[in-house]
$ cat work_27.cif   # mmCIF, C-alpha atoms
data_final
loop_
_atom_site.group_PDB
_atom_site.id
_atom_site.type_symbol
_atom_site.label_atom_id
_atom_site.label_comp_id
_atom_site.auth_asym_id
_atom_site.auth_seq_id
_atom_site.Cartn_x
_atom_site.Cartn_y
_atom_site.Cartn_z
ATOM 1 C CA MET A 1 41.312 -57.530 79.245
ATOM 2 C CA ALA A 2 41.924 -58.747 75.685
ATOM 3 C CA TYR A 3 41.331 -56.721 72.554
ATOM 4 C CA ALA A 4 41.514 -57.168 68.789
ATOM 5 C CA THR A 5 40.758 -55.170 65.651
ATOM 6 C CA VAL A 6 38.785 -57.739 63.650
ATOM 7 C CA ILE A 7 35.599 -59.645 64.356
ATOM 8 C CA GLY A 8 36.398 -63.248 65.182
ATOM 9 C CA ASP A 9 34.209 -66.227 66.001
ATOM 10 C CA PHE A 10 33.682 -65.190 69.646
ATOM 11 C CA GLU A 11 32.618 -61.648 68.738
ATOM 12 C CA ARG A 12 30.380 -62.825 65.886
ATOM 13 C CA SER A 13 28.683 -65.343 68.171
ATOM 14 C CA MET A 14 28.081 -62.785 70.909
ATOM 15 C CA ILE A 15 26.730 -60.162 68.502
ATOM 16 C CA GLU A 16 24.478 -62.585 66.634
ATOM 17 C CA GLY A 17 23.224 -64.112 69.895
ATOM 18 C CA SER A 18 22.236 -60.784 71.465
ATOM 19 C CA SER A 19 18.886 -59.103 71.243
ATOM 20 C CA VAL A 20 20.072 -55.733 72.554
ATOM 21 C CA PHE A 21 23.162 -53.543 72.203
ATOM 22 C CA PHE A 22 24.095 -50.037 73.289
ATOM 23 C CA VAL A 23 25.531 -47.121 71.297
ATOM 24 C CA ALA A 24 27.626 -44.360 72.872
ATOM 25 C CA SER A 25 28.792 -41.142 71.235
ATOM 26 C CA ALA A 26 29.743 -37.636 72.317
ATOM 27 C CA PRO A 27 30.298 -34.185 70.834
ATOM 28 C CA LEU A 28 33.733 -32.575 70.873
ATOM 29 C CA ASP A 29 32.519 -29.794 73.159
ATOM 30 C CA PRO A 30 33.371 -30.823 76.734
ATOM 31 C CA ASN A 31 30.148 -29.158 77.878
ATOM 32 C CA GLY A 32 28.101 -31.159 75.384
ATOM 33 C CA HIS A 33 26.008 -34.170 76.277
ATOM 34 C CA ILE A 34 27.300 -37.732 76.028
ATOM 35 C CA ASN A 35 24.698 -39.971 74.448
ATOM 36 C CA LEU A 36 24.032 -43.619 75.303
ATOM 37 C CA SER A 37 21.203 -45.374 73.471
ATOM 38 C CA PRO A 38 19.839 -48.912 73.661
ATOM 39 C CA LYS A 39 19.071 -50.665 70.371
ATOM 40 C CA GLY A 40 17.357 -53.956 69.817
ATOM 41 C CA ILE A 41 14.799 -54.119 67.027
ATOM 42 C CA SER A 42 15.431 -57.391 65.212
ATOM 43 C CA ASN A 43 17.135 -57.397 61.832
ATOM 44 C CA THR A 44 18.548 -53.890 62.220
ATOM 45 C CA PHE A 45 22.220 -54.834 62.854
ATOM 46 C CA ARG A 46 24.667 -56.440 60.432
ATOM 47 C CA ILE A 47 28.287 -57.522 60.436
ATOM 48 C CA LEU A 48 29.418 -56.327 56.999
ATOM 49 C CA ASP A 49 32.891 -57.894 57.149
ATOM 50 C CA ASP A 50 35.618 -58.516 59.745
ATOM 51 C CA HIS A 51 36.313 -54.771 60.027
ATOM 52 C CA HIS A 52 32.881 -53.116 59.566
ATOM 53 C CA VAL A 53 29.441 -53.308 61.141
ATOM 54 C CA ALA A 54 26.264 -51.376 60.397
ATOM 55 C CA TYR A 55 22.865 -50.748 61.891
ATOM 56 C CA LEU A 56 19.702 -48.990 60.799
ATOM 57 C CA ASP A 57 19.114 -45.613 62.369
ATOM 58 C CA LEU A 58 15.357 -45.524 62.832
ATOM 59 C CA THR A 59 13.266 -42.458 63.587
ATOM 60 C CA GLY A 60 13.250 -41.724 67.292
ATOM 61 C CA SER A 61 12.933 -38.919 69.778
ATOM 62 C CA GLY A 62 16.399 -37.565 69.034
ATOM 63 C CA ALA A 63 19.305 -37.884 66.665
ATOM 64 C CA GLU A 64 22.328 -37.540 68.910
ATOM 65 C CA THR A 65 24.422 -40.333 67.403
ATOM 66 C CA ALA A 66 23.999 -39.002 63.857
ATOM 67 C CA ALA A 67 24.979 -35.503 64.988
ATOM 68 C CA HIS A 68 28.027 -36.705 66.912
ATOM 69 C CA LEU A 69 29.201 -38.903 64.053
ATOM 70 C CA SER A 70 28.792 -36.057 61.592
ATOM 71 C CA GLU A 71 30.918 -33.874 63.861
ATOM 72 C CA ASN A 72 33.669 -36.270 64.927
ATOM 73 C CA GLY A 73 32.992 -39.919 63.977
ATOM 74 C CA ARG A 74 33.651 -41.369 67.453
ATOM 75 C CA ILE A 75 31.414 -44.252 68.495
ATOM 76 C CA THR A 76 31.364 -47.235 70.839
ATOM 77 C CA LEU A 77 28.975 -50.182 70.589
ATOM 78 C CA MET A 78 28.472 -52.545 73.534
ATOM 79 C CA TRP A 79 26.815 -55.927 74.057
ATOM 80 C CA CYS A 80 26.210 -57.543 77.446
ATOM 81 C CA SER A 81 25.533 -61.185 78.060
ATOM 82 C CA PHE A 82 22.411 -61.397 80.214
ATOM 83 C CA GLY A 83 22.573 -65.199 80.404
ATOM 84 C CA GLY A 84 25.179 -67.902 79.938
ATOM 85 C CA ASP A 85 28.810 -66.844 80.218
ATOM 86 C CA PRO A 86 29.167 -63.360 81.756
ATOM 87 C CA ASN A 87 30.743 -61.322 78.923
ATOM 88 C CA ILE A 88 30.808 -57.741 77.737
ATOM 89 C CA LEU A 89 31.923 -56.887 74.205
ATOM 90 C CA ARG A 90 32.766 -53.382 73.010
ATOM 91 C CA ILE A 91 33.520 -52.126 69.523
ATOM 92 C CA HIS A 92 35.357 -48.816 69.474
ATOM 93 C CA GLY A 93 35.432 -47.244 66.047
ATOM 94 C CA ARG A 94 34.900 -44.507 63.551
ATOM 95 C CA GLY A 95 31.327 -44.188 62.418
ATOM 96 C CA ARG A 96 29.564 -42.428 59.622
ATOM 97 C CA VAL A 97 25.947 -41.762 58.763
ATOM 98 C CA VAL A 98 24.843 -42.938 55.345
ATOM 99 C CA ARG A 99 21.703 -40.984 54.523
ATOM 100 C CA PRO A 100 19.148 -42.011 51.858
ATOM 101 C CA GLN A 101 20.406 -39.332 49.456
ATOM 102 C CA THR A 102 24.037 -40.568 49.527
ATOM 103 C CA PRO A 103 25.418 -42.820 46.775
ATOM 104 C CA ASP A 104 26.153 -45.926 48.886
ATOM 105 C CA PHE A 105 22.806 -45.945 50.732
ATOM 106 C CA GLU A 106 21.105 -48.414 48.356
ATOM 107 C CA GLU A 107 24.005 -50.864 48.600
ATOM 108 C CA LEU A 108 23.945 -50.737 52.414
ATOM 109 C CA ILE A 109 20.167 -50.805 52.884
ATOM 110 C CA ALA A 110 20.085 -54.001 50.791
ATOM 111 C CA HIS A 111 21.656 -55.813 53.785
ATOM 112 C CA PHE A 112 18.454 -55.285 55.799
ATOM 113 C CA PRO A 113 14.800 -56.233 55.429
ATOM 114 C CA PRO A 114 12.438 -53.268 54.957
ATOM 115 C CA HIS A 115 11.828 -51.166 58.065
ATOM 116 C CA LYS A 116 9.595 -48.135 58.349
ATOM 117 C CA GLY A 117 11.156 -44.898 59.571
ATOM 118 C CA VAL A 118 14.738 -45.483 58.399
ATOM 119 C CA ARG A 119 16.653 -42.187 58.597
ATOM 120 C CA GLY A 120 19.991 -43.674 57.623
ATOM 121 C CA VAL A 121 22.488 -46.471 58.097
ATOM 122 C CA ILE A 122 25.234 -46.086 60.681
ATOM 123 C CA VAL A 123 28.440 -47.751 59.461
ATOM 124 C CA VAL A 124 31.277 -48.360 61.917
ATOM 125 C CA GLU A 125 34.857 -49.099 60.975
ATOM 126 C CA ILE A 126 36.322 -51.102 63.855
ATOM 127 C CA GLN A 127 39.403 -49.671 65.528
ATOM 128 C CA ARG A 128 39.347 -51.875 68.609
ATOM 129 C CA LEU A 129 37.306 -54.755 69.970
ATOM 130 C CA ASP A 130 37.586 -55.721 73.587
ATOM 131 C CA ASN A 131 35.833 -58.124 75.841
ATOM 132 C CA SER A 132 35.712 -58.256 79.566
ATOM 133 C CA CYS A 133 33.868 -60.115 82.251
ATOM 134 C CA GLY A 134 30.258 -59.323 82.835
ATOM 135 C CA PHE A 135 30.236 -60.432 86.458
ATOM 136 C CA GLY A 136 28.410 -57.224 87.432
ATOM 137 C CA VAL A 137 25.681 -57.627 84.794
ATOM 138 C CA PRO A 138 22.529 -59.318 86.088
ATOM 139 C CA VAL A 139 21.089 -62.467 84.577
ATOM 140 C CA ALA A 140 17.860 -61.490 82.851
ATOM 141 C CA VAL A 141 14.900 -63.463 81.636
ATOM 142 C CA GLU A 142 14.380 -63.783 77.899
ATOM 143 C CA LEU A 143 14.004 -60.387 76.285
ATOM 144 C CA GLN A 144 11.035 -59.822 74.014
ATOM 145 C CA GLU A 145 10.773 -57.327 71.196
ATOM 146 C CA ARG A 146 8.342 -54.438 71.550
ATOM 147 C CA SER A 147 5.989 -53.533 68.716
ATOM 148 C CA ASP A 148 5.580 -49.944 69.943
ATOM 149 C CA LEU A 149 7.861 -48.279 67.364
ATOM 150 C CA ASP A 150 6.228 -49.991 64.370
ATOM 151 C CA GLY A 151 2.775 -49.098 65.690
ATOM 152 C CA TRP A 152 3.767 -45.480 66.267
ATOM 153 C CA LEU A 153 5.319 -45.222 62.784
ATOM 154 C CA ASN A 154 2.229 -46.753 61.151
ATOM 155 C CA ARG A 155 -0.114 -44.390 63.019
ATOM 156 C CA LYS A 156 1.996 -41.379 62.009
ATOM 157 C CA GLY A 157 1.886 -42.127 58.289
ATOM 158 C CA ASP A 158 4.483 -40.886 55.822
ATOM 159 C CA SER A 159 3.662 -37.158 55.798
ATOM 160 C CA LYS A 160 3.355 -36.840 59.593
ATOM 161 C CA LEU A 161 6.582 -38.849 59.963
ATOM 162 C CA LEU A 162 8.418 -36.344 57.760
ATOM 163 C CA GLU A 163 6.981 -33.487 59.848
ATOM 164 C CA TYR A 164 8.136 -35.232 63.042
ATOM 165 C CA GLN A 165 11.638 -35.789 61.638
ATOM 166 C CA ALA A 166 11.856 -32.136 60.576
ATOM 167 C CA LYS A 167 10.855 -31.002 64.068
ATOM 168 C CA HIS A 168 12.752 -33.523 66.227
ATOM 169 C CA ASN A 169 15.619 -35.052 64.241
ATOM 170 C CA GLN A 170 17.440 -32.207 62.478
ATOM 171 C CA LEU A 171 19.591 -31.128 65.411
ATOM 172 C CA SER A 172 21.085 -32.774 68.473
ATOM 173 C CA ILE A 173 20.273 -31.462 71.936
ATOM 174 C CA ASP A 174 23.549 -29.522 71.673
ATOM 175 C CA GLY A 175 22.533 -27.919 68.357
ATOM 176 C CA LEU A 176 24.692 -30.082 66.079
ATOM 177 C CA ASN A 177 23.392 -31.098 62.637
ATOM 178 C CA ALA A 178 21.994 -34.626 62.643
ATOM 179 C CA TYR A 179 19.544 -35.011 59.776
ATOM 180 C CA PRO A 180 19.295 -31.572 58.201
ATOM 181 C CA LEU A 181 16.562 -31.083 55.625
ATOM 182 C CA SER A 182 17.895 -31.613 52.115
#

$ encode --input "work_27.cif" --output "C-alpha cells"
Amino acid sequence: MAYATVIGDFERSMIEGSSVFFVASAPLDPNGHINLSPKGISNTFRILDDHHVAYLDLTGSGAETAAHLSENGRITLMWCSFGGDPNILRIHGRGRVVRPQTPDFEELIAHFPPHKGVRGVIVVEIQRLDNSCGFGVPVAVELQERSDLDGWLNRKGDSKLLEYQAKHNQLSIDGLNAYPLS
C-alpha cells in the first residue's frame, strides 16, 4: 500500500471523478459511537490546495462528524472506484468545522455554489493519503443524484429548518456539542 501527504494527479482524478465519498469520525470515549456517513450531493466537495480539502456540511438527521471534529479533529474520507480500475483512496487528517458565524466562513463558502441547509464547511488538513486495491468493491451502474434533500429542505422552509436544526443537530448521539445554538 502506498501513501503520500499531498494530493497528486491520481488522487485529484479519483476525487473529481467520483460521485460519492464516505466520512468517518469517532469520539474520544471508547464507549462512544463511531460514525460513517456517505456523501454525494454534487458540487459540495472541493480540493482547496494540495494539503486541504473541504465539503459542505448540509442539514441532516444528525451531526456526528461536527461533534467529533469539535472534540478531537480526527477524520477519514474515503472514495471507492465502482467502475474502471479497482481503487480505494483514503484521506486521513485533522478536520475542523467552520460555522457561518466564524470569520473564515465567507471565504470558504465562496468555493461552492449556493446550497440550502448549509450548517457549516468541514475543512480537512491532510496528514496521510493512501490508496489500495478495490478488488472487493463491486462494479456498480452509473450513480444518479437524489433530489430528496433539496425537496425536504424546500418544504421545511427557513423557520422550520432552524427548528429542526435546534432539535436534531445541536448534539451528537453521545451528547457532544455539534452545532450549539449561538

$ closest_atom_pairs --input "work_27.cif" --of "stretch 3-68 of chain A" --to "stretch 132-156 of chain A" --cutoff "10 Å" --atoms "only C-alpha atoms" --output "tab-separated table"
residue	atom	partner	partner_atom	distance
A:Tyr3	CA	A:Ser132	CA	9.1
A:Ser18	CA	A:Leu143	CA	9.5
A:Ser19	CA	A:Leu143	CA	7.1
A:Val20	CA	A:Leu143	CA	8.5
A:Gly40	CA	A:Glu145	CA	7.5
A:Ile41	CA	A:Glu145	CA	6.6
A:Ser42	CA	A:Glu145	CA	7.6
A:Leu58	CA	A:Leu149	CA	9.2
A:Thr59	CA	A:Leu153	CA	8.5
A:Gly60	CA	A:Leu149	CA	8.5

$ residues_around --input "work_27.cif" --residues "A:Ser70" --least-positions-apart "6" --cutoff "8 Å" --atoms "all atoms listed in the file" --output "number ranges by chain"
A: 96-97, 177-178

$ write_last_selection --input "work_27.cif" --atoms "C-alpha atoms" --output "PDB file, in the frame of the given file"
ATOM      1  CA  ARG A  96      29.564 -42.428  59.622  1.00  0.00           C
ATOM      2  CA  VAL A  97      25.947 -41.762  58.763  1.00  0.00           C
ATOM      3  CA  ASN A 177      23.392 -31.098  62.637  1.00  0.00           C
ATOM      4  CA  ALA A 178      21.994 -34.626  62.643  1.00  0.00           C
TER       5      ALA A 178
END

$ atom_distance --input "work_27.cif" --atom1 "atom CA of A:Leu77" --atom2 "atom CA of A:Leu162"
27.9 Å

$ axis_aligned_box --input "work_27.cif" --around "stretch 51-70 of chain A" --padding-each-side "8 Å" --output "lines of an AutoDock Vina configuration file"
center_x = 24.6
center_y = -45.1
center_z = 64.7
size_x = 39.4
size_y = 35.3
size_z = 26.2

$ atom_distance --input "work_27.cif" --atom1 "atom CA of A:Pro38" --atom2 "atom CA of A:Phe21"
5.9 Å

$ atom_distance --input "work_27.cif" --atom1 "atom CA of A:Asp158" --atom2 "atom CA of A:Phe45"
23.6 Å

$ residues_around --input "work_27.cif" --residues "stretch 112-123 of chain A" --least-positions-apart "5" --cutoff "7 Å" --atoms "all atoms listed in the file" --output "PyMOL selection string"
chain A and resi 43-44+52-59+95-100+153

$ residues_around --input "work_27.cif" --residues "A:Tyr179" --least-positions-apart "4" --cutoff "8 Å" --atoms "only C-alpha atoms" --output "PyMOL selection string"
chain A and resi 63+66-67+119+169-171

$ resolve_selection --input "work_27.cif" --expression "the PyMOL selection byres ((chain A and resi 34) around 9)" --output "mmCIF file with C-alpha atoms, keeping the file's coordinate frame"
data_model
loop_
_atom_site.group_PDB
_atom_site.id
_atom_site.type_symbol
_atom_site.label_atom_id
_atom_site.label_comp_id
_atom_site.auth_asym_id
_atom_site.auth_seq_id
_atom_site.Cartn_x
_atom_site.Cartn_y
_atom_site.Cartn_z
ATOM 1 C CA ALA A 24 27.626 -44.360 72.872
ATOM 2 C CA SER A 25 28.792 -41.142 71.235
ATOM 3 C CA ALA A 26 29.743 -37.636 72.317
ATOM 4 C CA PRO A 27 30.298 -34.185 70.834
ATOM 5 C CA GLY A 32 28.101 -31.159 75.384
ATOM 6 C CA HIS A 33 26.008 -34.170 76.277
ATOM 7 C CA ASN A 35 24.698 -39.971 74.448
ATOM 8 C CA LEU A 36 24.032 -43.619 75.303
ATOM 9 C CA GLU A 64 22.328 -37.540 68.910
#

$ decode --input "work_27.cif" --residues "stretch 107-119 of chain A" --atoms "all heavy atoms" --output "compact mmCIF listing (two decimals), in the first residue's frame"
# COMPACT_ATOMS: atom_id res chain seq x y z
N GLU A 107 -15.15 33.21 3.13
CA GLU A 107 -14.08 32.87 2.19
C GLU A 107 -14.23 31.42 1.71
O GLU A 107 -14.08 31.12 0.53
CB GLU A 107 -12.72 33.07 2.86
CG GLU A 107 -11.54 32.66 1.99
CD GLU A 107 -10.22 32.75 2.73
OE1 GLU A 107 -10.11 33.51 3.71
OE2 GLU A 107 -9.28 32.03 2.31
N LEU A 108 -14.55 30.51 2.62
CA LEU A 108 -14.69 29.10 2.26
C LEU A 108 -15.96 28.83 1.48
O LEU A 108 -15.94 28.09 0.50
CB LEU A 108 -14.65 28.23 3.52
CG LEU A 108 -13.27 28.08 4.13
CD1 LEU A 108 -13.35 27.52 5.53
CD2 LEU A 108 -12.40 27.18 3.24
N ILE A 109 -17.08 29.41 1.89
CA ILE A 109 -18.35 29.14 1.22
C ILE A 109 -18.31 29.64 -0.23
O ILE A 109 -19.04 29.12 -1.09
CB ILE A 109 -19.55 29.72 2.01
CG1 ILE A 109 -20.86 29.07 1.60
CG2 ILE A 109 -19.64 31.22 1.88
CD1 ILE A 109 -21.05 27.67 2.05
N ALA A 110 -17.45 30.60 -0.51
CA ALA A 110 -17.32 31.13 -1.88
C ALA A 110 -16.81 30.09 -2.86
O ALA A 110 -16.96 30.25 -4.07
CB ALA A 110 -16.40 32.36 -1.87
N HIS A 111 -16.24 28.99 -2.37
CA HIS A 111 -15.76 27.91 -3.24
C HIS A 111 -16.90 27.04 -3.78
O HIS A 111 -16.67 26.18 -4.63
CB HIS A 111 -14.78 27.00 -2.48
CG HIS A 111 -13.47 27.63 -2.19
ND1 HIS A 111 -12.44 27.67 -3.09
CD2 HIS A 111 -13.03 28.28 -1.07
CE1 HIS A 111 -11.41 28.29 -2.55
NE2 HIS A 111 -11.74 28.67 -1.33
N PHE A 112 -18.10 27.23 -3.25
CA PHE A 112 -19.23 26.36 -3.58
C PHE A 112 -20.39 27.16 -4.15
O PHE A 112 -20.60 28.30 -3.76
CB PHE A 112 -19.73 25.64 -2.30
CG PHE A 112 -18.68 24.84 -1.61
CD1 PHE A 112 -17.90 25.39 -0.59
CD2 PHE A 112 -18.46 23.52 -1.96
CE1 PHE A 112 -16.94 24.66 0.07
CE2 PHE A 112 -17.49 22.76 -1.30
CZ PHE A 112 -16.73 23.33 -0.30
N PRO A 113 -21.19 26.52 -5.03
CA PRO A 113 -22.43 27.18 -5.44
C PRO A 113 -23.41 27.16 -4.26
O PRO A 113 -23.23 26.39 -3.32
CB PRO A 113 -22.94 26.32 -6.60
CG PRO A 113 -22.31 24.99 -6.40
CD PRO A 113 -21.01 25.23 -5.70
N PRO A 114 -24.43 28.03 -4.30
CA PRO A 114 -25.39 28.05 -3.18
C PRO A 114 -26.08 26.71 -2.99
O PRO A 114 -26.44 26.03 -3.95
CB PRO A 114 -26.40 29.11 -3.63
CG PRO A 114 -25.73 29.91 -4.67
CD PRO A 114 -24.75 28.99 -5.34
N HIS A 115 -26.21 26.33 -1.73
CA HIS A 115 -26.94 25.12 -1.33
C HIS A 115 -27.79 25.47 -0.13
O HIS A 115 -27.33 26.15 0.79
CB HIS A 115 -25.99 23.97 -0.95
CG HIS A 115 -25.40 23.25 -2.10
ND1 HIS A 115 -26.06 22.23 -2.75
CD2 HIS A 115 -24.22 23.39 -2.73
CE1 HIS A 115 -25.30 21.77 -3.73
NE2 HIS A 115 -24.18 22.46 -3.74
N LYS A 116 -29.01 24.99 -0.12
CA LYS A 116 -29.90 25.22 1.01
C LYS A 116 -29.49 24.28 2.16
O LYS A 116 -29.04 23.18 1.93
CB LYS A 116 -31.33 24.92 0.58
CG LYS A 116 -32.38 25.64 1.36
CD LYS A 116 -33.71 25.52 0.63
CE LYS A 116 -34.84 26.17 1.36
NZ LYS A 116 -34.68 27.53 1.72
N GLY A 117 -29.65 24.75 3.38
CA GLY A 117 -29.41 23.89 4.54
C GLY A 117 -27.96 23.75 4.95
O GLY A 117 -27.62 22.82 5.68
N VAL A 118 -27.07 24.65 4.52
CA VAL A 118 -25.67 24.55 4.91
C VAL A 118 -25.53 24.90 6.39
O VAL A 118 -25.95 25.97 6.83
CB VAL A 118 -24.79 25.52 4.07
CG1 VAL A 118 -23.36 25.55 4.59
CG2 VAL A 118 -24.81 25.11 2.60
N ARG A 119 -24.97 23.96 7.16
CA ARG A 119 -24.71 24.20 8.59
C ARG A 119 -23.29 24.70 8.79
O ARG A 119 -23.01 25.38 9.76
CB ARG A 119 -24.87 22.91 9.39
CG ARG A 119 -26.24 22.31 9.33
CD ARG A 119 -26.36 21.08 10.18
NE ARG A 119 -25.51 20.00 9.69
CZ ARG A 119 -25.64 18.72 10.02
NH1 ARG A 119 -26.59 18.37 10.86
NH2 ARG A 119 -24.86 17.79 9.55
